[in-house]
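Structure data (compact mmCIF, C-alpha atoms and all ligand atoms) from target.txt:
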```txt
# COMPACT_ATOMS: atom_id res chain seq x y z
CA MET A 1 -104.30 -10.53 -1.30
CA SER A 2 -104.70 -13.85 0.53
CA SER A 3 -102.00 -14.72 3.08
CA ASN A 4 -100.44 -17.55 1.06
CA CYS A 5 -100.00 -15.33 -2.04
CA VAL A 6 -96.70 -13.58 -2.70
CA ILE A 7 -97.59 -11.86 -5.98
CA GLU A 8 -100.99 -10.73 -7.19
CA VAL A 9 -101.25 -9.24 -10.67
CA LYS A 10 -104.61 -7.57 -11.27
CA MET A 11 -105.87 -6.14 -14.56
CA LEU A 12 -102.28 -5.16 -15.32
CA SER A 13 -101.67 -3.16 -18.49
CA LYS A 14 -98.74 -1.24 -19.92
CA HIS A 15 -99.31 1.01 -22.90
CA TYR A 16 -96.76 3.03 -24.83
CA ASP A 17 -97.19 5.96 -27.15
CA VAL A 18 -95.78 5.01 -30.53
CA TYR A 19 -94.85 7.77 -32.96
CA ASP A 20 -94.62 7.79 -36.75
CA SER A 21 -91.07 9.14 -36.64
CA PRO A 22 -88.40 10.38 -34.23
CA LEU A 23 -89.35 13.93 -35.33
CA HIS A 24 -92.96 13.39 -34.28
CA ARG A 25 -91.72 12.12 -30.94
CA MET A 26 -89.54 15.21 -30.51
CA TRP A 27 -92.47 17.53 -31.29
CA VAL A 28 -94.56 15.76 -28.63
CA SER A 29 -91.83 16.31 -26.04
CA PHE A 30 -92.08 20.07 -26.75
CA PHE A 31 -95.84 20.23 -27.32
CA PRO A 32 -97.49 17.44 -25.26
CA LYS A 33 -100.90 18.25 -26.76
CA LEU A 34 -99.68 16.70 -30.01
CA ALA A 35 -99.52 13.35 -28.17
CA GLY A 36 -103.15 12.84 -29.23
CA ASN A 37 -101.80 11.96 -32.70
CA SER A 38 -99.67 9.09 -31.43
CA LYS A 39 -100.84 5.48 -31.44
CA LYS A 40 -101.09 3.39 -28.31
CA PHE A 41 -99.12 0.17 -28.22
CA HIS A 42 -100.27 -2.42 -25.70
CA ALA A 43 -97.11 -4.10 -24.42
CA LEU A 44 -99.24 -5.76 -21.72
CA ASP A 45 -103.02 -5.89 -21.70
CA ASP A 46 -105.27 -6.79 -18.77
CA VAL A 47 -103.12 -9.55 -17.27
CA ASN A 48 -104.32 -11.33 -14.12
CA PHE A 49 -102.71 -14.09 -12.05
CA THR A 50 -101.45 -14.88 -8.58
CA ILE A 51 -98.34 -16.68 -7.34
CA LYS A 52 -98.47 -18.61 -4.10
CA LYS A 53 -95.70 -18.92 -1.55
CA GLY A 54 -93.19 -21.56 -2.63
CA GLU A 55 -94.49 -21.81 -6.20
CA THR A 56 -92.22 -21.67 -9.28
CA VAL A 57 -93.92 -20.21 -12.32
CA GLY A 58 -92.39 -20.06 -15.80
CA ILE A 59 -93.34 -17.44 -18.40
CA ILE A 60 -93.13 -18.33 -22.05
CA GLY A 61 -93.94 -16.37 -25.20
CA ARG A 62 -92.45 -15.13 -28.44
CA ASN A 63 -90.14 -12.13 -28.71
CA GLY A 64 -92.07 -8.99 -27.89
CA SER A 65 -94.94 -10.79 -26.16
CA GLY A 66 -94.49 -8.73 -22.97
CA LYS A 67 -92.48 -11.06 -20.71
CA SER A 68 -89.83 -8.51 -19.69
CA THR A 69 -92.47 -5.79 -19.34
CA LEU A 70 -94.41 -8.01 -16.94
CA LEU A 71 -91.33 -8.74 -14.82
CA GLN A 72 -90.33 -5.08 -14.74
CA LEU A 73 -93.83 -4.12 -13.59
CA ILE A 74 -93.66 -6.77 -10.86
CA CYS A 75 -90.24 -5.54 -9.73
CA GLY A 76 -91.32 -1.91 -9.79
CA THR A 77 -88.89 -0.63 -12.43
CA LEU A 78 -91.89 0.20 -14.64
CA THR A 79 -95.16 1.76 -13.56
CA PRO A 80 -98.40 0.27 -14.89
CA SER A 81 -100.69 2.21 -17.22
CA LEU A 82 -103.67 0.39 -15.66
CA GLY A 83 -104.17 -2.19 -12.93
CA GLY A 84 -101.60 -3.09 -10.35
CA VAL A 85 -99.26 -5.56 -8.71
CA SER A 86 -99.17 -6.49 -5.03
CA VAL A 87 -96.01 -8.10 -3.72
CA ASN A 88 -95.65 -9.72 -0.34
CA GLY A 89 -91.97 -10.24 0.53
CA ARG A 90 -88.45 -9.31 -0.55
CA ILE A 91 -87.86 -9.59 -4.29
CA ALA A 92 -84.41 -10.22 -5.75
CA ALA A 93 -84.44 -9.81 -9.50
CA LEU A 94 -82.20 -10.32 -12.48
CA LEU A 95 -83.65 -8.32 -15.31
CA GLU A 96 -82.47 -8.20 -18.87
CA LEU A 97 -82.37 -4.57 -19.96
CA GLY A 98 -79.80 -2.04 -18.78
CA SER A 99 -77.80 -2.60 -15.65
CA GLY A 100 -78.55 -1.87 -12.03
CA PHE A 101 -74.82 -2.26 -11.48
CA ASN A 102 -72.89 0.96 -11.65
CA PRO A 103 -70.27 0.41 -14.38
CA GLU A 104 -67.73 2.69 -12.69
CA PHE A 105 -67.82 0.81 -9.36
CA SER A 106 -66.01 -2.46 -8.74
CA GLY A 107 -67.89 -5.75 -8.47
CA ARG A 108 -67.35 -5.71 -4.70
CA GLU A 109 -68.77 -2.19 -4.36
CA ASN A 110 -71.77 -3.09 -6.52
CA VAL A 111 -72.52 -6.18 -4.43
CA TYR A 112 -72.54 -4.06 -1.26
CA LEU A 113 -74.68 -1.39 -2.92
CA ASN A 114 -77.25 -3.80 -4.35
CA ALA A 115 -77.49 -5.93 -1.23
CA ALA A 116 -78.02 -2.76 0.83
CA ILE A 117 -80.81 -1.64 -1.55
CA LEU A 118 -82.40 -5.06 -1.03
CA GLY A 119 -82.43 -4.39 2.71
CA LEU A 120 -79.37 -6.21 4.07
CA THR A 121 -77.35 -4.60 6.84
CA PRO A 122 -73.59 -4.06 6.29
CA LYS A 123 -72.93 -6.89 8.79
CA GLU A 124 -75.21 -9.30 6.90
CA ILE A 125 -73.50 -8.40 3.60
CA GLU A 126 -70.10 -8.92 5.20
CA GLN A 127 -71.16 -12.41 6.31
CA LYS A 128 -72.45 -13.36 2.87
CA PHE A 129 -69.78 -11.74 0.74
CA SER A 130 -67.40 -14.69 0.52
CA ASP A 131 -70.28 -16.99 -0.57
CA ILE A 132 -71.27 -14.48 -3.26
CA GLU A 133 -67.66 -14.23 -4.43
CA ARG A 134 -67.27 -18.01 -4.51
CA PHE A 135 -70.50 -18.54 -6.44
CA ALA A 136 -69.71 -15.82 -9.02
CA ASP A 137 -66.22 -17.27 -9.49
CA ILE A 138 -64.86 -14.27 -11.41
CA GLY A 139 -61.48 -14.19 -9.66
CA ASP A 140 -59.65 -10.87 -9.37
CA PHE A 141 -62.29 -9.15 -11.48
CA ILE A 142 -64.28 -8.69 -8.26
CA ASP A 143 -62.16 -5.61 -7.56
CA GLN A 144 -62.25 -4.27 -11.13
CA PRO A 145 -64.90 -1.82 -12.39
CA ILE A 146 -67.96 -3.55 -13.83
CA LYS A 147 -67.35 -1.78 -17.16
CA THR A 148 -64.39 -4.14 -17.70
CA TYR A 149 -66.59 -7.26 -17.29
CA SER A 150 -67.91 -9.48 -20.05
CA SER A 151 -71.72 -9.89 -20.05
CA GLY A 152 -71.24 -13.42 -18.71
CA MET A 153 -69.32 -12.06 -15.70
CA VAL A 154 -72.03 -9.47 -14.98
CA VAL A 155 -74.64 -12.25 -14.95
CA ARG A 156 -72.48 -14.40 -12.67
CA LEU A 157 -72.13 -11.61 -10.13
CA ALA A 158 -75.76 -10.47 -10.42
CA PHE A 159 -77.09 -14.02 -9.98
CA ALA A 160 -74.70 -14.72 -7.09
CA THR A 161 -75.87 -11.56 -5.31
CA ALA A 162 -79.57 -12.18 -5.96
CA ILE A 163 -79.54 -15.69 -4.50
CA HIS A 164 -77.55 -14.74 -1.40
CA VAL A 165 -79.76 -11.90 -0.16
CA SER A 166 -82.33 -14.36 1.25
CA PRO A 167 -85.16 -13.29 -1.03
CA ASP A 168 -88.76 -14.44 -0.57
CA ILE A 169 -89.24 -14.13 -4.33
CA LEU A 170 -86.63 -14.60 -7.05
CA VAL A 171 -87.36 -13.11 -10.48
CA VAL A 172 -85.14 -14.18 -13.37
CA ASP A 173 -85.53 -12.75 -16.86
CA GLU A 174 -83.66 -14.97 -19.29
CA ALA A 175 -80.41 -14.16 -17.53
CA LEU A 176 -79.50 -17.81 -17.58
CA ALA A 177 -79.26 -17.70 -21.36
CA VAL A 178 -75.99 -15.81 -20.93
CA GLY A 179 -73.00 -17.71 -19.63
CA ASP A 180 -71.63 -21.16 -20.15
CA THR A 181 -73.59 -24.36 -19.71
CA ALA A 182 -71.76 -25.31 -16.50
CA PHE A 183 -72.74 -22.00 -14.90
CA GLN A 184 -76.34 -22.35 -16.12
CA GLN A 185 -76.51 -25.76 -14.48
CA LYS A 186 -75.02 -24.36 -11.26
CA CYS A 187 -77.76 -21.67 -11.26
CA LEU A 188 -80.49 -24.23 -11.93
CA ASN A 189 -79.18 -26.39 -9.06
CA ARG A 190 -79.33 -23.35 -6.82
CA ILE A 191 -82.88 -22.67 -8.00
CA ARG A 192 -83.74 -26.22 -6.87
CA ASP A 193 -82.27 -25.49 -3.41
CA MET A 194 -84.28 -22.28 -3.18
CA GLN A 195 -87.44 -24.16 -4.16
CA ARG A 196 -86.81 -26.56 -1.29
CA GLN A 197 -86.41 -23.58 1.05
CA GLY A 198 -89.85 -22.30 0.00
CA VAL A 199 -88.72 -19.33 -2.12
CA SER A 200 -91.24 -18.35 -4.81
CA ILE A 201 -89.67 -18.10 -8.25
CA LEU A 202 -90.78 -16.36 -11.42
CA LEU A 203 -88.74 -17.34 -14.42
CA VAL A 204 -88.78 -16.25 -18.06
CA THR A 205 -87.40 -19.02 -20.17
CA HIS A 206 -87.14 -19.92 -23.82
CA SER A 207 -86.45 -23.48 -22.84
CA SER A 208 -89.51 -25.68 -22.68
CA ASN A 209 -87.37 -28.27 -20.90
CA THR A 210 -86.51 -25.82 -18.10
CA LEU A 211 -90.18 -24.91 -17.85
CA ILE A 212 -91.31 -28.50 -17.60
CA GLU A 213 -88.47 -29.59 -15.34
CA TYR A 214 -88.41 -26.69 -12.86
CA CYS A 215 -91.79 -24.97 -12.88
CA ASP A 216 -95.03 -25.88 -11.16
CA ARG A 217 -97.04 -23.87 -13.63
CA GLY A 218 -96.59 -22.03 -16.92
CA ILE A 219 -97.94 -18.72 -18.16
CA TYR A 220 -98.12 -18.16 -21.91
CA LEU A 221 -98.10 -14.55 -23.09
CA LYS A 222 -98.96 -13.56 -26.63
CA LYS A 223 -99.00 -9.96 -27.89
CA GLY A 224 -99.27 -8.68 -24.32
CA ARG A 225 -102.20 -10.90 -23.36
CA LEU A 226 -102.25 -13.87 -21.02
CA ILE A 227 -103.33 -16.76 -23.22
CA MET A 228 -102.90 -19.61 -20.78
CA ASP A 229 -102.04 -20.14 -17.12
CA ALA A 230 -101.90 -23.91 -16.62
CA ALA A 231 -99.76 -27.03 -16.19
CA CYS A 232 -96.40 -26.64 -17.97
CA ARG A 233 -96.94 -29.43 -20.50
CA ASP A 234 -100.27 -27.97 -21.61
CA VAL A 235 -98.77 -24.49 -21.91
CA VAL A 236 -95.79 -25.69 -23.93
CA ARG A 237 -97.99 -27.71 -26.29
CA ARG A 238 -100.33 -24.77 -26.86
CA TYR A 239 -97.36 -22.48 -27.50
CA ALA A 240 -95.84 -24.89 -30.02
CA ASP A 241 -99.23 -25.39 -31.75
CA ASP A 242 -99.63 -21.62 -32.08
CA LEU A 243 -96.17 -21.24 -33.56
CA VAL A 244 -96.86 -23.83 -36.24
CA GLU A 245 -100.26 -22.35 -37.02
CA GLN A 246 -99.06 -18.75 -37.25
CA GLU A 247 -96.13 -19.41 -39.56
CA GLY A 248 -95.94 -21.20 -42.87
CA GLY A 249 -92.86 -22.97 -41.62
CA MET A 250 -90.46 -22.89 -44.52
CA VAL A 251 -89.31 -19.29 -44.58
CA VAL A 252 -89.52 -17.21 -41.48
CA GLU A 253 -88.97 -13.52 -42.02
CA ILE A 254 -88.08 -11.89 -38.77
CA ASP A 255 -89.95 -8.71 -37.88
CA GLN A 256 -87.71 -5.71 -37.55
CA ALA A 257 -88.12 -3.75 -34.34
CA SER A 258 -90.58 -0.94 -34.95
CA GLU A 259 -90.07 2.62 -33.86
CA VAL A 260 -90.03 2.60 -30.09
CA GLY A 261 -91.76 5.50 -28.35
CA VAL A 262 -90.54 7.26 -25.27
CA ALA A 263 -91.01 5.13 -22.20
CA ASN A 264 -92.90 6.73 -19.36
CA ALA A 265 -91.13 4.45 -16.95
CA THR A 266 -90.13 5.57 -13.50
CA SER A 267 -87.44 3.70 -11.72
CA VAL A 268 -88.52 3.01 -8.17
CA SER A 269 -86.06 0.32 -7.22
CA GLN A 270 -82.84 -1.06 -8.56
CA PRO A 271 -82.95 -4.77 -9.31
CA MET A 272 -79.82 -6.17 -10.82
CA GLN A 273 -80.12 -5.96 -14.54
CA ILE A 274 -78.10 -7.51 -17.28
CA ARG A 275 -76.53 -5.22 -19.85
CA GLN A 276 -77.58 -5.85 -23.41
CA ASP A 277 -76.35 -2.80 -25.22
CA ASP A 278 -72.69 -2.82 -24.34
CA GLY A 279 -71.50 -1.09 -27.48
CA GLN A 280 -70.02 -4.23 -29.02
CA GLY A 281 -70.90 -5.71 -32.41
CA ARG A 282 -74.10 -7.73 -32.54
CA LEU A 283 -75.70 -10.24 -34.85
CA SER A 284 -79.42 -10.53 -35.52
CA VAL A 285 -81.43 -13.04 -37.54
CA GLN A 286 -83.08 -11.68 -40.70
CA SER A 287 -84.65 -14.84 -42.11
CA VAL A 288 -84.50 -18.61 -41.81
CA GLU A 289 -85.09 -21.07 -44.64
CA LEU A 290 -85.23 -24.84 -44.81
CA ARG A 291 -83.82 -26.22 -48.06
CA ASN A 292 -83.43 -29.73 -49.44
CA ALA A 293 -80.28 -31.13 -51.09
CA LYS A 294 -81.32 -29.57 -54.44
CA GLY A 295 -81.49 -26.16 -52.77
CA GLU A 296 -85.31 -26.00 -52.96
CA LEU A 297 -87.46 -24.75 -50.09
CA SER A 298 -89.04 -27.74 -48.43
CA ALA A 299 -90.64 -28.65 -45.13
CA ASN A 300 -90.99 -32.41 -45.80
CA TYR A 301 -88.14 -34.87 -45.67
CA GLN A 302 -87.62 -38.60 -45.85
CA PHE A 303 -85.72 -40.34 -43.10
CA GLY A 304 -81.98 -39.83 -43.70
CA GLU A 305 -82.41 -37.10 -46.31
CA ALA A 306 -79.95 -34.20 -46.32
CA PHE A 307 -81.34 -30.74 -45.61
CA ALA A 308 -80.04 -27.32 -44.65
CA VAL A 309 -81.14 -24.59 -42.31
CA GLN A 310 -80.10 -21.41 -44.08
CA ILE A 311 -79.95 -18.28 -41.95
CA LYS A 312 -79.50 -14.71 -43.11
CA VAL A 313 -77.88 -12.64 -40.37
CA LYS A 314 -77.13 -8.97 -40.01
CA ALA A 315 -73.89 -7.86 -38.38
CA GLU A 316 -73.86 -4.43 -36.79
CA GLY A 317 -70.35 -3.39 -35.81
CA ALA A 318 -67.54 -5.93 -35.71
CA VAL A 319 -68.32 -9.32 -34.23
CA ASP A 320 -64.89 -10.83 -33.56
CA ILE A 321 -65.99 -14.34 -32.63
CA PRO A 322 -69.49 -15.02 -33.98
CA CYS A 323 -71.46 -17.94 -32.61
CA PHE A 324 -74.54 -19.71 -33.98
CA GLY A 325 -76.91 -22.07 -32.24
CA VAL A 326 -79.67 -24.34 -33.46
CA GLN A 327 -82.22 -26.43 -31.61
CA LEU A 328 -84.73 -29.06 -32.63
CA SER A 329 -87.74 -29.68 -30.42
CA SER A 330 -90.78 -31.88 -30.40
CA VAL A 331 -94.15 -30.19 -30.89
CA ASP A 332 -94.68 -30.31 -27.16
CA GLY A 333 -91.53 -28.39 -26.59
CA ILE A 334 -89.07 -31.07 -25.51
CA VAL A 335 -85.61 -30.24 -26.82
CA LEU A 336 -84.46 -33.22 -28.87
CA TRP A 337 -81.13 -31.80 -29.97
CA SER A 338 -79.25 -28.54 -29.72
CA GLY A 339 -75.79 -27.40 -30.63
CA THR A 340 -73.72 -24.27 -31.12
CA THR A 341 -70.71 -23.58 -33.27
CA GLN A 342 -68.85 -23.10 -29.97
CA SER A 343 -69.84 -26.51 -28.60
CA MET A 344 -68.71 -27.99 -31.92
CA ASN A 345 -65.36 -26.17 -31.68
CA LEU A 346 -65.88 -24.37 -34.98
CA GLU A 347 -63.82 -21.25 -35.56
CA LEU A 348 -65.69 -18.62 -37.56
CA PRO A 349 -64.34 -15.56 -39.33
CA VAL A 350 -64.94 -12.03 -37.99
CA MET A 351 -68.24 -10.55 -39.20
CA VAL A 352 -68.33 -6.79 -39.81
CA ASP A 353 -71.32 -4.57 -40.73
CA GLY A 354 -73.32 -6.36 -43.41
CA ILE A 355 -75.59 -9.28 -44.25
CA TYR A 356 -74.20 -12.82 -44.15
CA THR A 357 -75.74 -16.17 -44.99
CA VAL A 358 -74.83 -19.17 -42.88
CA LYS A 359 -75.99 -22.74 -43.22
CA TRP A 360 -76.40 -25.72 -40.93
CA ASN A 361 -76.19 -28.83 -43.10
CA MET A 362 -78.01 -31.69 -41.46
CA GLN A 363 -79.29 -35.16 -42.00
CA ALA A 364 -82.89 -36.06 -41.20
CA ASN A 365 -82.07 -39.10 -39.09
CA PHE A 366 -85.31 -38.71 -37.21
CA SER A 367 -88.44 -40.70 -36.83
CA GLY A 368 -91.61 -39.79 -38.75
CA ASN A 369 -92.90 -36.76 -36.87
CA ARG A 370 -93.01 -32.96 -36.76
CA TYR A 371 -90.00 -30.98 -35.53
CA ILE A 372 -89.75 -27.35 -34.41
CA LEU A 373 -86.63 -25.38 -35.20
CA ALA A 374 -85.17 -22.56 -33.07
CA VAL A 375 -82.04 -20.58 -33.92
CA GLY A 376 -79.82 -18.19 -32.02
CA VAL A 377 -76.93 -15.94 -32.95
CA GLY A 378 -74.39 -14.05 -30.88
CA ARG A 379 -70.75 -13.78 -30.04
CA ILE A 380 -68.21 -15.39 -27.75
CA GLU A 381 -67.06 -13.13 -24.97
CA SER A 382 -64.42 -14.35 -22.50
CA GLY A 383 -65.31 -17.91 -23.45
CA ASP A 384 -69.08 -17.44 -22.90
CA TYR A 385 -71.72 -17.52 -25.62
CA LEU A 386 -73.54 -14.19 -25.45
CA ARG A 387 -76.68 -14.59 -27.51
CA THR A 388 -77.79 -11.32 -29.12
CA HIS A 389 -80.87 -12.67 -30.93
CA ARG A 390 -82.92 -15.81 -30.65
CA VAL A 391 -85.83 -16.95 -32.77
CA ASP A 392 -87.85 -19.47 -30.79
CA TYR A 393 -89.85 -20.52 -33.78
CA ALA A 394 -87.69 -20.47 -36.89
CA GLY A 395 -89.81 -22.98 -38.82
CA HIS A 396 -90.90 -26.56 -38.60
CA PHE A 397 -90.56 -29.62 -40.80
CA ASP A 398 -92.12 -33.04 -41.07
CA ILE A 399 -90.27 -36.29 -41.48
CA ILE A 400 -92.41 -38.56 -43.60
CA PRO A 401 -93.16 -41.69 -41.59
CA VAL A 402 -91.78 -44.94 -42.97
CA ALA A 403 -94.28 -47.79 -42.84
CA HIS A 404 -93.65 -50.38 -40.11
CA SER A 405 -90.81 -48.38 -38.55
CA GLY A 406 -92.41 -47.45 -35.24
CA GLY A 407 -93.25 -43.97 -34.01
CA GLY A 408 -91.93 -41.29 -31.71
CA TRP A 409 -88.93 -39.04 -32.13
CA LEU A 410 -85.92 -41.33 -32.41
CA ALA A 411 -85.01 -43.53 -35.33
CA PRO A 412 -82.68 -46.17 -33.94
CA CYS A 413 -83.42 -48.52 -36.89
CA PRO A 414 -83.84 -51.59 -34.65
CA VAL A 415 -83.39 -55.11 -35.95
CA PHE A 416 -85.34 -57.66 -33.98
CA GLU A 417 -84.14 -61.22 -33.46
CA VAL A 418 -85.49 -64.27 -31.68
CA ILE A 419 -82.49 -66.23 -30.46
N1 LIG B 1 -90.32 1.96 -24.14
C1 LIG B 1 -91.07 1.33 -25.02
N2 LIG B 1 -91.81 2.01 -25.91
C2 LIG B 1 -92.58 1.36 -26.82
N3 LIG B 1 -92.69 0.03 -26.92
C3 LIG B 1 -91.99 -0.69 -26.05
C4 LIG B 1 -91.13 -0.11 -25.06
N4 LIG B 1 -90.57 -1.11 -24.34
C5 LIG B 1 -91.03 -2.26 -24.87
N5 LIG B 1 -91.87 -2.01 -25.89
C6 LIG B 1 -92.56 -3.00 -26.71
O1 LIG B 1 -93.36 -3.82 -25.86
C7 LIG B 1 -93.41 -5.15 -26.38
C8 LIG B 1 -93.10 -6.13 -25.29
O2 LIG B 1 -91.71 -6.03 -24.98
P1 LIG B 1 -91.01 -7.02 -23.97
O3 LIG B 1 -89.57 -6.63 -23.91
O4 LIG B 1 -91.76 -7.06 -22.71
O5 LIG B 1 -91.16 -8.41 -24.72
P2 LIG B 1 -90.48 -9.81 -24.40
O6 LIG B 1 -91.58 -10.83 -24.44
O7 LIG B 1 -89.70 -9.71 -23.13
O8 LIG B 1 -89.53 -9.99 -25.65
P3 LIG B 1 -88.10 -10.76 -25.79
O9 LIG B 1 -88.41 -12.24 -25.71
O10 LIG B 1 -87.66 -10.34 -27.14
O11 LIG B 1 -87.21 -10.27 -24.68
C9 LIG B 1 -92.44 -5.22 -27.55
O12 LIG B 1 -93.16 -5.16 -28.76
C10 LIG B 1 -91.59 -3.97 -27.38
O13 LIG B 1 -91.18 -3.46 -28.64
```
Would you encode the structure as structure tokens?
Ligand SMILES: Nc1ncnc2c1ncn2[C@@H]1O[C@H](COP(=O)(O)OP(=O)(O)OP(=O)(O)O)[C@@H](O)[C@H]1O
Amino acid sequence: MSSNCVIEVKMLSKHYDVYDSPLHRMWVSFFPKLAGNSKKFHALDDVNFTIKKGETVGIIGRNGSGKSTLLQLICGTLTPSLGGVSVNGRIAALLELGSGFNPEFSGRENVYLNAAILGLTPKEIEQKFSDIERFADIGDFIDQPIKTYSSGMVVRLAFATAIHVSPDILVVDEALAVGDTAFQQKCLNRIRDMQRQGVSILLVTHSSNTLIEYCDRGIYLKKGRLIMDAACRDVVRRYADDLVEQEGGMVVEIDQASEVGVANATSVSQPMQIRQDDGQGRLSVQSVELRNAKGELSANYQFGEAFAVQIKVKAEGAVDIPCFGVQLSSVDGIVLWSGTTQSMNLELPVMVDGIYTVKWNMQANFSGNRYILAVGVGRIESGDYLRTHRVDYAGHFDIIPVAHSGGGWLAPCPVFEVI
């Protein structure tokens, strides 16, 4: 690896054995020779790239495209099936699955433990502790066991620890999606500071804006393969083009997670990870439809026409305070509008095991152009929106251009005067 490189990913692949049924999987655990009957799933396939010192690289891709797998391989919590990763420097990581924090220990104890694993001496941790505490801003919870924290609090503490251990490389897997907007902005500001200090950053984001605004380069993953490694705008445009091409646009049926085989992962280090499965109720998106005022499926609207984004969601367990988000982007990934039921102060009823249909009624006050829709669902926990499912591409629609009305994305309906 050349001296100005901090990460080199070479012919990196991760394959999993996928079984027809849990029974088949159990048989294989007793009789490994039966593994020959299982299928191989390529979560990551022959990925190559390098990251230079001081570079910020964003990774984008649909659900299941291999983003988290890639980050876990880089951080060493997964072992590659083929190829390898070379890392030059101290990595601090916030990963999405599971938790590197011990739920029985207090926040304070976990900070000491994690910082020590990342190579800090007790004296160094002592010196940094008050900064970590201040940044996390979780009050007296710092001395409570992590198991009593909301997911937002875990992210706050994990992010605060990761940025204060003087890493050479910061790896962030969508952690910023959890937590309130003010905290997200605080984290992004800190990322800016770290960029100025020459820290290399690898960031998974579903936000094209964050990619364009904060990253020097983008990497687009699709079905485990690296499709593009280029300037952010080019990557975002290619991603959006692919989404439109792959889907019809009007009704998006969401793939259900397929049977997941036994991971052959070995944990070799303990980056801070964000809990996902915390035993609480969760919502997931089943399908998304775009309907006109007559209730018909449609992907073409006139300026000002009423339309609805109809979402079928599945509740598993009891979701006390559900929350829904929607986002409209341009085809090159710039977010034009986004909102959540929380930001709109809407109080929703409890959702318990079952299928529900919810609807965003909107007005197409947009200029003649194509718009990409994303939706998210989740719950409010201690005031934070914890998203449990997001569909980056939930359809697209076209606003039919009005002659002589100008172009672009906005429709300010200007009236011109010569005075
Ligand atoms: N232990 C496992 N066994 C089998 N398949 C797995 C395992 N872990 C992950 N996968 C599969 O590998 C693929 C890539 O998963 P990964 O979590 O890396 O995707 P992602 O791009 O991070 O998705 P998301 O945006 O939803 O977080 C998915 O199809 C997933 O189902």
* **region 108-125 of chain A surroundings by all atoms listed in the file, 9 Å radius, close-in-sequence under 4 positions cut, as a PyMOL selection string** => chain A and resi 90-92+100-103+129+132-133+142-146+157-158+161-162+164-165+167+269-272
Determine, counting all atoms listed in the file, which protein, DNA and RNA residues have an atom within 9 Å of an atom of Lys222 (chain A); residues of the same chain fewer than 4 positions away are not included. Present the result as an mmCIF file with C-alpha atoms, in the frame of the given file.
```
data_model
loop_
_atom_site.group_PDB
_atom_site.id
_atom_site.type_symbol
_atom_site.label_atom_id
_atom_site.label_comp_id
_atom_site.auth_asym_id
_atom_site.auth_seq_id
_atom_site.Cartn_x
_atom_site.Cartn_y
_atom_site.Cartn_z
ATOM 1 C CA ILE A 60 -93.130 -18.330 -22.050
ATOM 2 C CA GLY A 61 -93.940 -16.370 -25.200
ATOM 3 C CA ARG A 62 -92.450 -15.130 -28.440
ATOM 4 C CA GLY A 64 -92.070 -8.990 -27.890
ATOM 5 C CA SER A 65 -94.940 -10.790 -26.160
ATOM 6 C CA GLY A 66 -94.490 -8.730 -22.970
ATOM 7 C CA LEU A 226 -102.250 -13.870 -21.020
ATOM 8 C CA ILE A 227 -103.330 -16.760 -23.220
#
```
* Please, what distance in Å, to one decimal, runs between CA of Cys215 (chain A) and CA of Ile163 (chain A)? ->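 It comes out at 17.5 Å.
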* Gap from CA of Ser287 (chain A) to CA of Gly339 (chain A) - Å, one decimal ->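 Between CA of Ser287 (chain A) and CA of Gly339 (chain A) the gap works out to 19.2 Å.
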* What is the atom O10 of ligand LIG 1 (chain B) to CA of Ala299 (chain A) distance in Å? ->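 Atom-to-atom, atom O10 of ligand LIG 1 (chain B) to CA of Ala299 (chain A), that is 25.8 Å.
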* To do: Extract, using all atoms listed in the file, all DNA, RNA and protein residues at most 12 Å from Val85 (chain A), discarding same-chain residues fewer than 5 positions from it, and format them as a list of chain:residue names.
  => A:Met1, A:Cys5, A:Val6, A:Ile7, A:Glu8, A:Val9, A:Lys10, A:Met11, A:Leu12, A:Ser13, A:Asp46, A:Val47, A:Asn48, A:Phe49, A:Thr50, A:Ile51, A:Leu70, A:Leu71, A:Gln72, A:Leu73, A:Ile74, A:Cys75, A:Gly76, A:Leu78, A:Thr79, A:Pro80
* Option closest in space to Phe183 (chain A), from A:Lys223, A:Met228, A:Tyr385, A:Tyr19 [counting all atoms listed in the file] -> A:Tyr385
* Asked: Restricting the calculation to all atoms listed in the file, which member of A:Gly354, A:Ser151, A:Leu373, A:Gly304 is positioned closest to Pro401 (chain A)?
  ->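 That would be A:Gly304, the residue with the smallest distance to Pro401 (chain A).
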* To do: Would you mind telling me which residue in A:Ser106, A:Gln246, A:Gln127, A:Ser298 lies nearest to Asp140 (chain A) when using all atoms listed in the file?
  =>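 Checking each of A:Ser106, A:Gln246, A:Gln127, A:Ser298 against Asp140 (chain A), counting all atoms listed in the file, the winner is A:Ser106.
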* Asked: Hey, which of A:Ala318, A:Ala293, A:Val172, A:Ala231 ends up closest to ligand LIG 1 (chain B)? Count all atoms listed in the file.
  ->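 Ranking A:Ala318, A:Ala293, A:Val172, A:Ala231 by distance to ligand LIG 1 (chain B), first place goes to A:Val172.
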